[in-house]
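Q: Mind looking over this structure? Questions follow.
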Amino acid sequence: MEDFSNQEPDKAQQESDSLFDAPPMAEQERMVEAVLFASTEPVTLRDLEARMPHGCNPGEALEYLRKRYEGRGVRVVRVGDAWAIRTAPDLGFLMQKEIVETRKLSRAAIETLAIIAYHQPVTRAEIEEIRGVSVSRGTIDQLLEMEWIRLGRRRMTPGRPVTFVVTPVFLDHFGLESARDLPGVKELRSAGLLESRPPPGSFPTGQGGDDGDEDPEEQPELFES
């Protein structure tokens with residue numbers, strides 16, 4: 001009778017024995033998912049092999065996991081020689097953070113805005129006549145950029161100058177239903193928006209100073225942006 005007790009097991013039997021202790025593939029997927037989710041940096045296959053139990057196949061587990069996440073809010077993606085969980089590209093806009101930045105208006109911008117609000121529709125020349133100083137283009141551009149003023153109808157006068165009017169954005173910001181709800185002259189003076197100035201026309205437009213040099217820190221609170 002032939003004795004088979006000392007014969008080596010065949011190759012299939014060896015592979016079966018070596019894989020016996022490895023967790024099921026579903027469990028390996030969970031392990032890979034946990035590592036990728038908790039890691040702040042992409043993880044290589046070598047790192048996964050070092051973390052997972054003996055006999056695991058992280059490469060195969062990664063492929064199953066990648067397919068499982070297809071079409072989801074996050075994806076398993078390759079980054080060089082490593083792998084990571086990342087937000088789906090089409091949902092990147094959800095991760096953007098909006099920051100509200102408080103910007104102070106210069107006194108020139110405040111006065112220009114007040115003149116437009118109370119005298120609309122008003123031309124640039126009329127603004128300069130009321131203020132007694134020239135209005136820099138930057139001041140007008142800032143108010144237009146903030147969408148607090150907009151271009152109105154052109155005047156039917158020589159040169160067809162454009163006019164400026166306040167916008168619904170301006171009214172909404174200050175809780176006004178219409179320009180008629182703006183505060184009165186006394187309220188403006190108490191807020192520091194009006195001050196004693198030479199009467200209009202006492203000196204030529206543009207020679208009373210440059211509004212670009214005024215200090216934005218001296219802004220009254222009423223028109224804080």
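Just so we're on the same page: first chain in the structure tokens is A, next is B, and so on; residues restart at 1 for each chain, and ligands are numbered from 1 in the order they show up.
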I'd like the neighbourhood of Gly71 (chain A) as a list in words, where a residue qualifies if any of its atoms comes within 9 Å (using only C-alpha atoms), though same-chain residues fewer than 4 positions away should be ignored.

A: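 Near Gly71 (chain A), the qualifying residues are Lys67, Arg75 and Ala88 of chain A.
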
Q: Would you output that residue set with C-alpha atoms, as a PDB file, in the first residue's frame?

A:
ATOM      1  CA  LYS A  67     -16.688  50.826  -9.216  1.00  0.00           C
ATOM      2  CA  ARG A  75     -15.032  58.993  -6.019  1.00  0.00           C
ATOM      3  CA  ALA A  88     -16.996  64.302  -7.634  1.00  0.00           C
TER       4      ALA A  88
END

Q: As a PyMOL selection string, please: every residue in region 6-174 of chain A that DSSP puts in alpha helix (DSSP H).

A: chain A and resi 11-19+25-38+45-51+58-68+107-119+124-131+137-145+168-173

Q: Can you tell me, as an NGL selection string, what residues are no more than 6 Å from region 138-150 of chain A when counting only C-alpha atoms, ignoring any on the same chain fewer than 3 positions away?

A: :A and (109 or 164-167 or 169-170)

Q: Just give me the gap between CA of Asp47 (chain A) and CA of Gly80 (chain A) in Å, one decimal is fine.

A: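 If I compute the distance from CA of Asp47 (chain A) to CA of Gly80 (chain A), I get 14.2 Å.
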
Q: Between A:Leu94, A:Ala84, A:Ala22, A:Ala117, which has the minimum distance to Leu45 (chain A) (counting only C-alpha atoms)?

A: A:Ala84

Q: In Å, rounded to a single decimal, give me how far CA of Glu111 (chain A) is from CA of Val135 (chain A).

A: 10.1 Å

Q: Suppose you want the space between CA of Gly184 (chain A) and CA of Ser136 (chain A); what is it in Å?

A: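 We find that CA of Gly184 (chain A) and CA of Ser136 (chain A) lie 26.5 Å from each other.
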
Q: If you count only C-alpha atoms, which residues fall within 7 Å of Val162 (chain A), apart from same-chain ones fewer than 5 positions away, as a ChimeraX atom specification?

A: /A:123,151-155

Q: Any chance you can output those residues with N, CA and C atoms as a tab-separated table (two decimals), in the first residue's frame?

A:
chain	number	residue	atom	x	y	z
A	123	THR	N	-26.54	114.06	-13.38
A	123	THR	CA	-25.35	113.84	-14.21
A	123	THR	C	-24.09	114.01	-13.37
A	151	LEU	N	-26.67	103.42	-14.58
A	151	LEU	CA	-26.85	104.49	-15.55
A	151	LEU	C	-28.34	104.69	-15.82
A	152	GLY	N	-28.76	105.97	-15.82
A	152	GLY	CA	-30.14	106.30	-16.15
A	152	GLY	C	-30.24	106.78	-17.59
A	153	ARG	N	-31.31	107.48	-17.89
A	153	ARG	CA	-31.49	107.99	-19.25
A	153	ARG	C	-30.57	109.17	-19.52
A	154	ARG	N	-30.21	109.32	-20.75
A	154	ARG	CA	-29.38	110.48	-21.13
A	154	ARG	C	-30.23	111.74	-21.13
A	155	ARG	N	-29.61	112.84	-20.75
A	155	ARG	CA	-30.30	114.13	-20.76
A	155	ARG	C	-30.44	114.65	-22.18

Q: Restricting the calculation to only C-alpha atoms, which member of A:Lys104, A:Arg68, A:Arg86, A:Arg124 is positioned closest to Ser39 (chain A)?

A: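 For Ser39 (chain A), the nearest of the candidates is A:Arg86.
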